[in-house]
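K.L.:
Pasting work-v7.cif below, which is mmCIF, C-alpha atoms.
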data_entry
loop_
_atom_site.group_PDB
_atom_site.id
_atom_site.type_symbol
_atom_site.label_atom_id
_atom_site.label_comp_id
_atom_site.auth_asym_id
_atom_site.auth_seq_id
_atom_site.Cartn_x
_atom_site.Cartn_y
_atom_site.Cartn_z
ATOM 1 C CA MET A 1 83.283 130.859 104.131
ATOM 2 C CA THR A 2 79.882 130.945 102.492
ATOM 3 C CA ASP A 3 79.134 129.922 98.912
ATOM 4 C CA ALA A 4 78.843 133.613 98.051
ATOM 5 C CA ASP A 5 82.388 134.206 99.354
ATOM 6 C CA ALA A 6 83.972 131.241 97.555
ATOM 7 C CA VAL A 7 86.167 132.217 94.617
ATOM 8 C CA LEU A 8 88.331 129.877 92.582
ATOM 9 C CA ARG A 9 91.501 131.702 91.658
ATOM 10 C CA ILE A 10 93.207 129.983 88.754
ATOM 11 C CA ALA A 11 96.596 131.197 90.029
ATOM 12 C CA ASP A 12 95.929 129.512 93.404
ATOM 13 C CA LEU A 13 94.862 126.303 91.679
ATOM 14 C CA ARG A 14 98.009 126.401 89.528
ATOM 15 C CA ARG A 15 100.196 126.841 92.630
ATOM 16 C CA ALA A 16 98.415 124.034 94.475
ATOM 17 C CA CYS A 17 98.764 121.685 91.479
ATOM 18 C CA SER A 18 102.450 122.517 91.242
ATOM 19 C CA MET A 19 102.943 121.788 94.954
ATOM 20 C CA LEU A 20 101.058 118.504 94.708
ATOM 21 C CA LEU A 21 102.860 117.382 91.552
ATOM 22 C CA ASP A 22 106.207 118.194 93.186
ATOM 23 C CA ALA A 23 105.182 116.018 96.147
ATOM 24 C CA ALA A 24 104.072 113.214 93.803
ATOM 25 C CA GLU A 25 107.397 113.380 91.985
ATOM 26 C CA ARG A 26 109.264 113.093 95.286
ATOM 27 C CA ARG A 27 107.075 110.128 96.261
ATOM 28 C CA PHE A 28 106.945 108.229 92.947
ATOM 29 C CA GLY A 29 109.855 109.626 90.927
ATOM 30 C CA PRO A 30 109.770 111.532 87.620
ATOM 31 C CA GLU A 31 108.074 108.682 85.699
ATOM 32 C CA ILE A 32 105.499 106.057 86.620
ATOM 33 C CA GLN A 33 105.389 102.896 84.522
ATOM 34 C CA LEU A 34 101.655 102.254 84.212
ATOM 35 C CA SER A 35 102.221 98.658 83.083
ATOM 36 C CA GLN A 36 103.828 97.879 86.451
ATOM 37 C CA LEU A 37 100.913 99.205 88.532
ATOM 38 C CA GLY A 38 98.465 96.392 87.933
ATOM 39 C CA VAL A 39 95.675 98.923 87.373
ATOM 40 C CA ASP A 40 94.686 100.744 84.209
ATOM 41 C CA HIS A 41 90.888 101.003 84.187
ATOM 42 C CA TYR A 42 88.812 102.955 86.688
ATOM 43 C CA TRP A 43 85.183 103.856 87.268
ATOM 44 C CA ASN A 44 84.118 107.233 85.991
ATOM 45 C CA MET A 45 80.890 109.171 86.573
ATOM 46 C CA ASP A 46 79.353 111.450 83.949
ATOM 47 C CA LEU A 47 80.575 114.985 84.587
ATOM 48 C CA GLY A 48 77.176 116.611 84.021
ATOM 49 C CA ALA A 49 75.507 114.214 86.448
ATOM 50 C CA ALA A 50 78.229 114.707 89.044
ATOM 51 C CA PHE A 51 77.495 118.432 89.319
ATOM 52 C CA GLY A 52 73.750 118.347 88.637
ATOM 53 C CA MET A 53 72.724 118.397 92.286
ATOM 54 C CA VAL A 54 69.033 119.048 91.602
ATOM 55 C CA GLN A 55 68.212 115.369 91.810
ATOM 56 C CA ARG A 56 70.098 112.209 92.689
ATOM 57 C CA PRO A 57 71.731 110.955 89.497
ATOM 58 C CA GLU A 58 71.034 107.578 87.991
ATOM 59 C CA LEU A 59 74.160 105.567 88.622
ATOM 60 C CA GLU A 60 75.441 105.557 85.092
ATOM 61 C CA ILE A 61 79.139 105.070 85.486
ATOM 62 C CA ASP A 62 81.510 104.242 82.734
ATOM 63 C CA CYS A 63 85.084 103.138 82.577
ATOM 64 C CA GLY A 64 88.138 105.357 82.205
ATOM 65 C CA GLN A 65 91.629 104.173 81.350
ATOM 66 C CA SER A 66 94.875 105.637 82.685
ATOM 67 C CA SER A 67 96.854 104.633 79.596
ATOM 68 C CA ASP A 68 94.281 106.440 77.426
ATOM 69 C CA ASP A 69 94.578 109.471 79.715
ATOM 70 C CA VAL A 70 98.361 109.471 79.164
ATOM 71 C CA ALA A 71 97.848 109.219 75.384
ATOM 72 C CA GLU A 72 95.457 112.186 75.468
ATOM 73 C CA LEU A 73 97.891 114.182 77.613
ATOM 74 C CA THR A 74 100.678 113.453 75.128
ATOM 75 C CA SER A 75 98.424 114.529 72.245
ATOM 76 C CA LEU A 76 97.536 117.766 74.022
ATOM 77 C CA LEU A 77 101.198 118.578 74.637
ATOM 78 C CA ARG A 78 102.072 117.887 70.987
ATOM 79 C CA ARG A 79 99.292 120.167 69.752
ATOM 80 C CA GLY A 80 100.185 122.904 72.203
ATOM 81 C CA GLY A 81 97.778 125.394 73.681
ATOM 82 C CA GLY A 82 98.478 128.286 71.357
ATOM 83 C CA PRO A 83 96.098 129.853 68.836
ATOM 84 C CA GLU A 84 96.475 126.909 66.428
ATOM 85 C CA GLY A 85 96.196 124.198 69.075
ATOM 86 C CA PHE A 86 92.553 123.645 69.942
ATOM 87 C CA VAL A 87 91.941 122.826 73.607
ATOM 88 C CA SER A 88 88.641 121.392 74.756
ATOM 89 C CA LEU A 89 88.697 122.109 78.474
ATOM 90 C CA TRP A 90 86.020 119.594 79.470
ATOM 91 C CA HIS A 91 87.736 116.818 77.504
ATOM 92 C CA GLU A 92 91.367 117.553 78.357
ATOM 93 C CA LEU A 93 90.675 118.257 82.031
ATOM 94 C CA SER A 94 88.751 114.983 82.333
ATOM 95 C CA HIS A 95 91.865 113.103 81.226
ATOM 96 C CA VAL A 96 94.142 115.141 83.484
ATOM 97 C CA SER A 97 91.788 114.575 86.422
ATOM 98 C CA GLY A 98 91.907 110.828 85.700
ATOM 99 C CA LEU A 99 95.696 110.965 86.036
ATOM 100 C CA LEU A 100 95.510 113.075 89.190
ATOM 101 C CA ARG A 101 93.064 110.564 90.669
ATOM 102 C CA LEU A 102 95.533 107.798 89.784
ATOM 103 C CA LEU A 103 98.225 109.596 91.799
ATOM 104 C CA ALA A 104 95.788 109.966 94.700
ATOM 105 C CA TYR A 105 94.923 106.252 94.445
ATOM 106 C CA LEU A 106 98.605 105.255 94.449
ATOM 107 C CA ASP A 107 99.138 107.288 97.615
ATOM 108 C CA LEU A 108 96.286 105.638 99.559
ATOM 109 C CA PRO A 109 97.639 104.028 102.740
ATOM 110 C CA ASP A 110 96.664 100.541 101.508
ATOM 111 C CA ASN A 111 98.725 101.022 98.325
ATOM 112 C CA ARG A 112 101.897 102.389 99.872
ATOM 113 C CA GLU A 113 104.965 100.232 99.864
ATOM 114 C CA SER A 114 106.157 99.271 103.315
#
Translate this structure into C-alpha cells?
P.N.:
Amino acid sequence: MTDADAVLRIADLRRACSMLLDAAERRFGPEIQLSQLGVDHYWNMDLGAAFGMVQRPELEIDCGQSSDDVAELTSLLRRGGGPEGFVSLWHELSHVSGLLRLLAYLDLPDNRES
C-alpha cells in the first residue's frame, strides 16, 4: 500500500478499538485500580512535534498522568458529545491515547504476571 492508497476509515478504527478494548477487559478485568499499578506518570511528546517530520524535533517531552487522563475521560463522558457538549478532539484524544498507551504498557511481556 502506498501513502496515496492509505485511507483511515473511522468505522474500521472504531471496530479495531472495540476489539482491543474487549481483549484488554478479558486480560485486566472491567476495572483497573490505578493506585495499585505503581505507575501514574509517563513521558509525553508534543503532538505537533511528533507529526512534524520536516526536521528532527527538539526533545521537548513533558509528563502525562494516567489519573489525570481518567479524570478527563470522566469529564468528557459527563458532558456528553451532543450539540451542547463541546468536544476538543486534540485534547480529549490525547487523554484517551494516554490511557490506551497505559493498557499497552501493562501488557508488555515484562509487566505480565506469571
K.L.:
Show me, as AutoDock Vina command-line options, the centre and edge lengths in Å to one decimal of the axis-aligned box that covers every listed atom of segment 42-55 of chain A with 5 Å on each side.
P.N.:
--center_x 78.5 --center_y 111.0 --center_z 88.1 --size_x 30.6 --size_y 26.1 --size_z 18.3
K.L.:
Can you work out which one of A:Ser18, A:Thr74, A:Ser97, A:Thr2 has the shortest atom-to-atom distance to Asn44 of chain A, counting all atoms listed in the file?
P.N.:
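Closest to Asn44 of chain A of all the choices is A:Ser97.
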K.L.:
Would you list the contacts of segment 53-69 of chain A as a ChimeraX atom specification, taking every protein, DNA or RNA residue within 6 Å and counting all atoms listed in the file, but skipping same-chain residues closer than 2 positions in sequence?
P.N.:
/A:40-45,49,51,71-72,95
K.L.:
Please report the interatomic distance between atom CA of Asp107 of chain A and atom CA of Asp12 of chain A in Å with one decimal.
P.N.:
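One can read the atom CA of Asp107 of chain A to atom CA of Asp12 of chain A distance as 22.8 Å.
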K.L.:
In Å, rounded to a single decimal, give me how far atom CA of Gln36 of chain A is from atom CA of Leu73 of chain A.
P.N.:
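That distance, rounded to one decimal, is 19.5 Å.
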K.L.:
Go ahead and compute the interatomic distance for atom CA of Ser88 of chain A and atom CA of Glu31 of chain A, in Å to one decimal.
P.N.:
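Between atom CA of Ser88 of chain A and atom CA of Glu31 of chain A the gap is 25.7 Å.
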K.L.:
Find the residues around Ser94 of chain A up to 9 Å (all atoms listed in the file counted), leave out those fewer than 5 positions away in its own chain, and share them as JSON, numbers by chain.
P.N.:
{"A": [47, 69, 89, 99]}
K.L.:
A:Leu76, A:Leu108, A:Val39, A:Ala6: which is nearest Leu93 of chain A, counting all atoms listed in the file?
P.N.:
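For Leu93 of chain A, the nearest of the candidates is A:Leu76.
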K.L.:
So, with only C-alpha atoms as the atoms that count, which of A:Ser35, A:Gly48, A:Leu77, A:Ala24 lies closest to Arg101 of chain A?
P.N.:
A:Ala24
K.L.:
With only C-alpha atoms as the atoms that count, which of A:Val7, A:Ala50, A:Met19, A:Val70 lies nearest to Gln33 of chain A?
P.N.:
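Closest to Gln33 of chain A, using only C-alpha atoms: A:Val70.
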